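Take a look at the structure below.
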Amino acid sequence: MKKHLSILAAAVLCIRIVHAQLGPGAGAQMDNGMEKLFGDNQTFSATLESQVNNPQQGSTSVTGKMYFDNGNSRFEIDMPQMKSMGLDRMVAIAKADKKSAYLIYPNLQAYAAITPQDTGATNADLKTETTKLGDETMDGHPCVKNKVVVTDKQGIPHEYTVWDAADLKNFPIKIELMEQGNDIVMLFKDVDLSKPDASLFDAPTGYNRYDSPQQLMQQAVMKRMGGGAGAPPQQ
């Protein structure tokens with residue numbers, strides 16, 4: 001069970017990094033100015049492999065599919081270890097208006113609708129400093145390796161190491177960063193720079209709607225234990 005929780009925690013951490021914040025305390029949109037790393041590449045889809053290395057808990061890897069369209073984002077992941085609870089498939093959607101986000105579990109036919117915190121920050125509030133570290137080939141792509149420091153509205157710097165692929169319009173196919181004591185490596189593969197279908201960023205129809213991920217999780221646990229109690233979903 002502890003391993004299951006570790007995998008789920010890693011998945012949620014990855015979602016926080018690549019999406020608008022999903023709730024109170026979940027971090028900034030496209031966390032800490034990460035959207036700036038993609039430059040002019042504001043529409044794409046890709047397979048995302050995220051490796052989360054924690055000094056105390058060890059390493060965990062999560063692989064999923066990411067879609068992005070000018071601030072709208074969708075991240076799909078499979079976690080076979082969570083299949084017994086119906087939580088093995090998870091989708092996170094964040095909207096460009098920063099006013100809505102969804103955490104979806106297709107196998108439960110359920111989702112939680114979340115109102116992100118409004119930090120009031122925009123890309124215009126962020127300052128970016130890029131330092132070239134060298135030229136490298138990454139996964140067959142000729143890349144420029146850069147250190148990128150994004151300073152937020154509060155003057156707090158966030159540092160990334162980024163490999164920009166010259167043959168993919170400088171798309172960052174590898175990103176390294178530190179997040180809450182975790183060493184994180186993000187690898188983007190099978191990159192497609194075309195515009196994703198707009199319906200990918202809509203809330204699902206015909207699913208039970210919950211007011212929070214906690215409420216949804218509680219219902220999933222109760223169902224697994226054979227209990228029928230708990231807060232009813234919103235239809």
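Scheme for the structure tokens: letters A, B, ... for chains in order shown; per-chain residue numbers from 1; ligand numbers from 1 in order shown.
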Using only C-alpha atoms, which residues of range 56-109 of chain A come within 9 Å of range 204-223 of chain A, and what is the closest atom pair for each, with the distance in Å to one decimal? Give it as a tab-separated table, sorted by chain and residue number.
residue	atom	partner	partner_atom	distance
A:Met85	CA	A:Ala220	CA	6.5
A:Gly86	CA	A:Ala220	CA	7.5
A:Leu87	CA	A:Ala220	CA	8.3
A:Leu103	CA	A:Pro213	CA	7.1
A:Ile104	CA	A:Pro204	CA	8.1
A:Pro106	CA	A:Tyr207	CA	8.3
A:Leu108	CA	A:Ala220	CA	7.9
A:Gln109	CA	A:Tyr207	CA	4.8
Write out as a ChimeraX atom specification the set of residues from range 23-206 of chain A that DSSP, computed on the backbone, places in strand (DSSP E or B). /A:43-54,58-69,72-78,89-94,101-105,110-114,127-138,141-151,157-165,171-179,182-192
What does the distance from CA of Phe201 in chain A to CA of Trp163 in chain A come to in Å, to one decimal? 27.5 Å
Any idea what's packed within 12 Å of Arg74 in chain A, counting only C-alpha atoms, ignoring anything in its chain fewer than 5 positions away? Could you give it as a PDB file with N, CA and C atoms, in the first residue's frame?
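What follows is the written file selection.pdb:
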ATOM      1  N   ILE A  15       1.742  16.148 -12.178  1.00  0.00           N
ATOM      2  CA  ILE A  15       0.619  16.942 -12.676  1.00  0.00           C
ATOM      3  C   ILE A  15       0.771  18.390 -12.246  1.00  0.00           C
ATOM      4  N   ARG A  16       1.187  18.630 -11.011  1.00  0.00           N
ATOM      5  CA  ARG A  16       1.373  19.988 -10.525  1.00  0.00           C
ATOM      6  C   ARG A  16       2.404  20.724 -11.349  1.00  0.00           C
ATOM      7  N   VAL A  18       3.241  20.255 -14.550  1.00  0.00           N
ATOM      8  CA  VAL A  18       2.911  20.534 -15.937  1.00  0.00           C
ATOM      9  C   VAL A  18       1.543  21.143 -16.154  1.00  0.00           C
ATOM     10  N   HIS A  19       0.805  21.404 -15.084  1.00  0.00           N
ATOM     11  CA  HIS A  19      -0.541  21.938 -15.215  1.00  0.00           C
ATOM     12  C   HIS A  19      -0.761  23.165 -14.350  1.00  0.00           C
ATOM     13  N   ALA A  20      -1.839  23.853 -14.634  1.00  0.00           N
ATOM     14  CA  ALA A  20      -2.294  24.898 -13.731  1.00  0.00           C
ATOM     15  C   ALA A  20      -2.588  24.253 -12.398  1.00  0.00           C
ATOM     16  N   MET A  30       1.223  26.278 -14.369  1.00  0.00           N
ATOM     17  CA  MET A  30       2.368  25.736 -15.124  1.00  0.00           C
ATOM     18  C   MET A  30       3.607  25.980 -14.280  1.00  0.00           C
ATOM     19  N   THR A  43       1.285  25.009 -28.801  1.00  0.00           N
ATOM     20  CA  THR A  43       0.380  23.897 -29.114  1.00  0.00           C
ATOM     21  C   THR A  43       1.237  22.664 -29.353  1.00  0.00           C
ATOM     22  N   PHE A  44       0.925  21.578 -28.628  1.00  0.00           N
ATOM     23  CA  PHE A  44       1.684  20.342 -28.832  1.00  0.00           C
ATOM     24  C   PHE A  44       1.019  19.187 -28.094  1.00  0.00           C
ATOM     25  N   SER A  45       1.456  17.993 -28.446  1.00  0.00           N
ATOM     26  CA  SER A  45       1.156  16.794 -27.672  1.00  0.00           C
ATOM     27  C   SER A  45       2.441  15.978 -27.613  1.00  0.00           C
ATOM     28  N   ALA A  46       2.606  15.198 -26.558  1.00  0.00           N
ATOM     29  CA  ALA A  46       3.832  14.431 -26.394  1.00  0.00           C
ATOM     30  C   ALA A  46       3.652  13.382 -25.311  1.00  0.00           C
ATOM     31  N   THR A  47       4.459  12.336 -25.386  1.00  0.00           N
ATOM     32  CA  THR A  47       4.572  11.395 -24.272  1.00  0.00           C
ATOM     33  C   THR A  47       5.523  12.000 -23.257  1.00  0.00           C
ATOM     34  N   LEU A  48       5.095  12.037 -22.007  1.00  0.00           N
ATOM     35  CA  LEU A  48       5.908  12.641 -20.952  1.00  0.00           C
ATOM     36  C   LEU A  48       6.319  11.578 -19.941  1.00  0.00           C
ATOM     37  N   GLY A  64       3.066   9.391 -19.057  1.00  0.00           N
ATOM     38  CA  GLY A  64       1.723   9.764 -19.478  1.00  0.00           C
ATOM     39  C   GLY A  64       1.738  10.505 -20.796  1.00  0.00           C
ATOM     40  N   LYS A  65       0.569  10.943 -21.201  1.00  0.00           N
ATOM     41  CA  LYS A  65       0.402  11.692 -22.437  1.00  0.00           C
ATOM     42  C   LYS A  65      -0.029  13.101 -22.095  1.00  0.00           C
ATOM     43  N   MET A  66       0.653  14.088 -22.648  1.00  0.00           N
ATOM     44  CA  MET A  66       0.341  15.475 -22.375  1.00  0.00           C
ATOM     45  C   MET A  66      -0.132  16.170 -23.642  1.00  0.00           C
ATOM     46  N   TYR A  67      -1.160  17.018 -23.474  1.00  0.00           N
ATOM     47  CA  TYR A  67      -1.666  17.858 -24.560  1.00  0.00           C
ATOM     48  C   TYR A  67      -1.677  19.298 -24.062  1.00  0.00           C
ATOM     49  N   PHE A  68      -1.293  20.234 -24.948  1.00  0.00           N
ATOM     50  CA  PHE A  68      -1.247  21.636 -24.540  1.00  0.00           C
ATOM     51  C   PHE A  68      -1.694  22.517 -25.693  1.00  0.00           C
ATOM     52  N   ASP A  69      -2.530  23.510 -25.374  1.00  0.00           N
ATOM     53  CA  ASP A  69      -3.014  24.438 -26.399  1.00  0.00           C
ATOM     54  C   ASP A  69      -3.226  25.816 -25.790  1.00  0.00           C
ATOM     55  N   MET A  90      -5.894   8.106 -14.737  1.00  0.00           N
ATOM     56  CA  MET A  90      -6.144   9.436 -14.194  1.00  0.00           C
ATOM     57  C   MET A  90      -5.879  10.476 -15.276  1.00  0.00           C
ATOM     58  N   VAL A  91      -6.761  11.462 -15.350  1.00  0.00           N
ATOM     59  CA  VAL A  91      -6.618  12.558 -16.305  1.00  0.00           C
ATOM     60  C   VAL A  91      -6.750  13.868 -15.544  1.00  0.00           C
ATOM     61  N   ALA A  92      -5.837  14.792 -15.790  1.00  0.00           N
ATOM     62  CA  ALA A  92      -5.913  16.125 -15.191  1.00  0.00           C
ATOM     63  C   ALA A  92      -6.031  17.152 -16.305  1.00  0.00           C
ATOM     64  N   ILE A  93      -7.012  18.026 -16.192  1.00  0.00           N
ATOM     65  CA  ILE A  93      -7.240  19.081 -17.177  1.00  0.00           C
ATOM     66  C   ILE A  93      -7.205  20.426 -16.476  1.00  0.00           C
ATOM     67  N   ALA A  94      -6.523  21.388 -17.065  1.00  0.00           N
ATOM     68  CA  ALA A  94      -6.524  22.759 -16.554  1.00  0.00           C
ATOM     69  C   ALA A  94      -6.851  23.691 -17.707  1.00  0.00           C
ATOM     70  N   LYS A  95      -7.695  24.688 -17.445  1.00  0.00           N
ATOM     71  CA  LYS A  95      -8.169  25.597 -18.479  1.00  0.00           C
ATOM     72  C   LYS A  95      -7.335  26.876 -18.511  1.00  0.00           C
ATOM     73  N   ALA A  96      -7.257  27.464 -19.682  1.00  0.00           N
ATOM     74  CA  ALA A  96      -6.419  28.646 -19.869  1.00  0.00           C
ATOM     75  C   ALA A  96      -6.886  29.833 -19.050  1.00  0.00           C
ATOM     76  N   ALA A 101     -10.435  23.520 -13.278  1.00  0.00           N
ATOM     77  CA  ALA A 101      -9.547  22.382 -13.489  1.00  0.00           C
ATOM     78  C   ALA A 101     -10.312  21.129 -13.090  1.00  0.00           C
ATOM     79  N   TYR A 102      -9.931  19.999 -13.682  1.00  0.00           N
ATOM     80  CA  TYR A 102     -10.646  18.762 -13.435  1.00  0.00           C
ATOM     81  C   TYR A 102      -9.660  17.624 -13.196  1.00  0.00           C
ATOM     82  N   LEU A 103      -9.950  16.806 -12.202  1.00  0.00           N
ATOM     83  CA  LEU A 103      -9.202  15.583 -11.946  1.00  0.00           C
ATOM     84  C   LEU A 103     -10.168  14.437 -12.218  1.00  0.00           C
ATOM     85  N   ILE A 104      -9.872  13.621 -13.247  1.00  0.00           N
ATOM     86  CA  ILE A 104     -10.828  12.669 -13.790  1.00  0.00           C
ATOM     87  C   ILE A 104     -10.312  11.242 -13.627  1.00  0.00           C
ATOM     88  N   PRO A 196      -3.919  20.310 -30.659  1.00  0.00           N
ATOM     89  CA  PRO A 196      -4.771  19.211 -30.199  1.00  0.00           C
ATOM     90  C   PRO A 196      -6.253  19.553 -30.372  1.00  0.00           C
ATOM     91  N   ASP A 197      -7.086  18.524 -30.409  1.00  0.00           N
ATOM     92  CA  ASP A 197      -8.520  18.723 -30.519  1.00  0.00           C
ATOM     93  C   ASP A 197      -9.050  19.459 -29.296  1.00  0.00           C
ATOM     94  N   ALA A 198      -9.882  20.469 -29.506  1.00  0.00           N
ATOM     95  CA  ALA A 198     -10.380  21.306 -28.409  1.00  0.00           C
ATOM     96  C   ALA A 198     -11.175  20.511 -27.379  1.00  0.00           C
ATOM     97  N   SER A 199     -11.825  19.420 -27.796  1.00  0.00           N
ATOM     98  CA  SER A 199     -12.661  18.647 -26.874  1.00  0.00           C
ATOM     99  C   SER A 199     -11.846  17.956 -25.784  1.00  0.00           C
ATOM    100  N   LEU A 200     -10.547  17.818 -25.992  1.00  0.00           N
ATOM    101  CA  LEU A 200      -9.699  17.180 -24.986  1.00  0.00           C
ATOM    102  C   LEU A 200      -9.654  17.966 -23.681  1.00  0.00           C
ATOM    103  N   PHE A 201     -10.017  19.246 -23.726  1.00  0.00           N
ATOM    104  CA  PHE A 201      -9.886  20.100 -22.546  1.00  0.00           C
ATOM    105  C   PHE A 201     -11.244  20.384 -21.882  1.00  0.00           C
ATOM    106  N   ASP A 202     -12.271  19.649 -22.294  1.00  0.00           N
ATOM    107  CA  ASP A 202     -13.598  19.821 -21.699  1.00  0.00           C
ATOM    108  C   ASP A 202     -13.813  18.829 -20.563  1.00  0.00           C
ATOM    109  N   ALA A 203     -14.695  19.177 -19.636  1.00  0.00           N
ATOM    110  CA  ALA A 203     -15.093  18.253 -18.579  1.00  0.00           C
ATOM    111  C   ALA A 203     -15.861  17.090 -19.199  1.00  0.00           C
TER     112      ALA A 203
END
Among range 52-230 of chain A, which ones does DSSP assign to helix (DSSP H, G or I) (computed from the backbone)? Answer as a PyMOL selection string. chain A and resi 80-85+106-108+123-125+166-168+198-201+213-224
Non-local contacts of range 51-62 of chain A (6 Å; only C-alpha atoms; under 2 positions in same chain excluded) as an MDAnalysis selection string: chainID A and resid 49 182:185
Can you write out the residues you just picked, keeping C-alpha atoms, as a short mmCIF file (atom, residue, chain, number, x, y, z; two decimals), in the first residue's frame?
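again34.cif was written with the following content:
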data_model
loop_
_atom_site.label_atom_id
_atom_site.label_comp_id
_atom_site.auth_asym_id
_atom_site.auth_seq_id
_atom_site.Cartn_x
_atom_site.Cartn_y
_atom_site.Cartn_z
CA GLU A 49 8.18 10.50 -18.78
CA ASN A 182 12.63 16.28 -5.09
CA ASP A 183 15.02 16.01 -8.03
CA ILE A 184 12.76 15.84 -11.10
CA VAL A 185 13.57 14.92 -14.68
#
What's the 7 Å shell around Val149 in chain A, counting only C-alpha atoms, without same-chain residues fewer than 6 positions away, as a ChimeraX atom specification? /A:128-130,157-160
Residues of the last selection are to be written out with N, CA and C atoms, as a PDB file, in the first residue's frame.
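Written out: out07.pdb:
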ATOM      1  N   THR A 128      12.917  36.197 -17.222  1.00  0.00           N
ATOM      2  CA  THR A 128      13.647  34.994 -17.608  1.00  0.00           C
ATOM      3  C   THR A 128      15.080  35.329 -17.985  1.00  0.00           C
ATOM      4  N   GLU A 129      16.016  34.560 -17.436  1.00  0.00           N
ATOM      5  CA  GLU A 129      17.436  34.703 -17.773  1.00  0.00           C
ATOM      6  C   GLU A 129      17.952  33.356 -18.245  1.00  0.00           C
ATOM      7  N   THR A 130      18.492  33.321 -19.457  1.00  0.00           N
ATOM      8  CA  THR A 130      18.951  32.069 -20.057  1.00  0.00           C
ATOM      9  C   THR A 130      20.457  32.105 -20.269  1.00  0.00           C
ATOM     10  N   PRO A 157      13.471  33.263  -7.486  1.00  0.00           N
ATOM     11  CA  PRO A 157      13.969  32.614  -8.705  1.00  0.00           C
ATOM     12  C   PRO A 157      13.666  31.114  -8.701  1.00  0.00           C
ATOM     13  N   HIS A 158      13.379  30.586  -9.891  1.00  0.00           N
ATOM     14  CA  HIS A 158      13.153  29.151 -10.074  1.00  0.00           C
ATOM     15  C   HIS A 158      14.068  28.697 -11.200  1.00  0.00           C
ATOM     16  N   GLU A 159      14.950  27.740 -10.905  1.00  0.00           N
ATOM     17  CA  GLU A 159      15.999  27.354 -11.850  1.00  0.00           C
ATOM     18  C   GLU A 159      15.675  26.025 -12.531  1.00  0.00           C
ATOM     19  N   TYR A 160      15.934  25.995 -13.849  1.00  0.00           N
ATOM     20  CA  TYR A 160      15.729  24.791 -14.642  1.00  0.00           C
ATOM     21  C   TYR A 160      16.951  24.560 -15.520  1.00  0.00           C
TER      22      TYR A 160
END
Report the distance between CA of Asp97 in chain A and CA of Tyr111 in chain A in Å, rounded to one decimal place.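 Taking CA of Asp97 in chain A and CA of Tyr111 in chain A, their separation equals 19.4 Å.
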CA of Leu37 in chain A and CA of Pro172 in chain A are how many Å apart?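 Going from CA of Leu37 in chain A over to CA of Pro172 in chain A, I get 6.9 Å.
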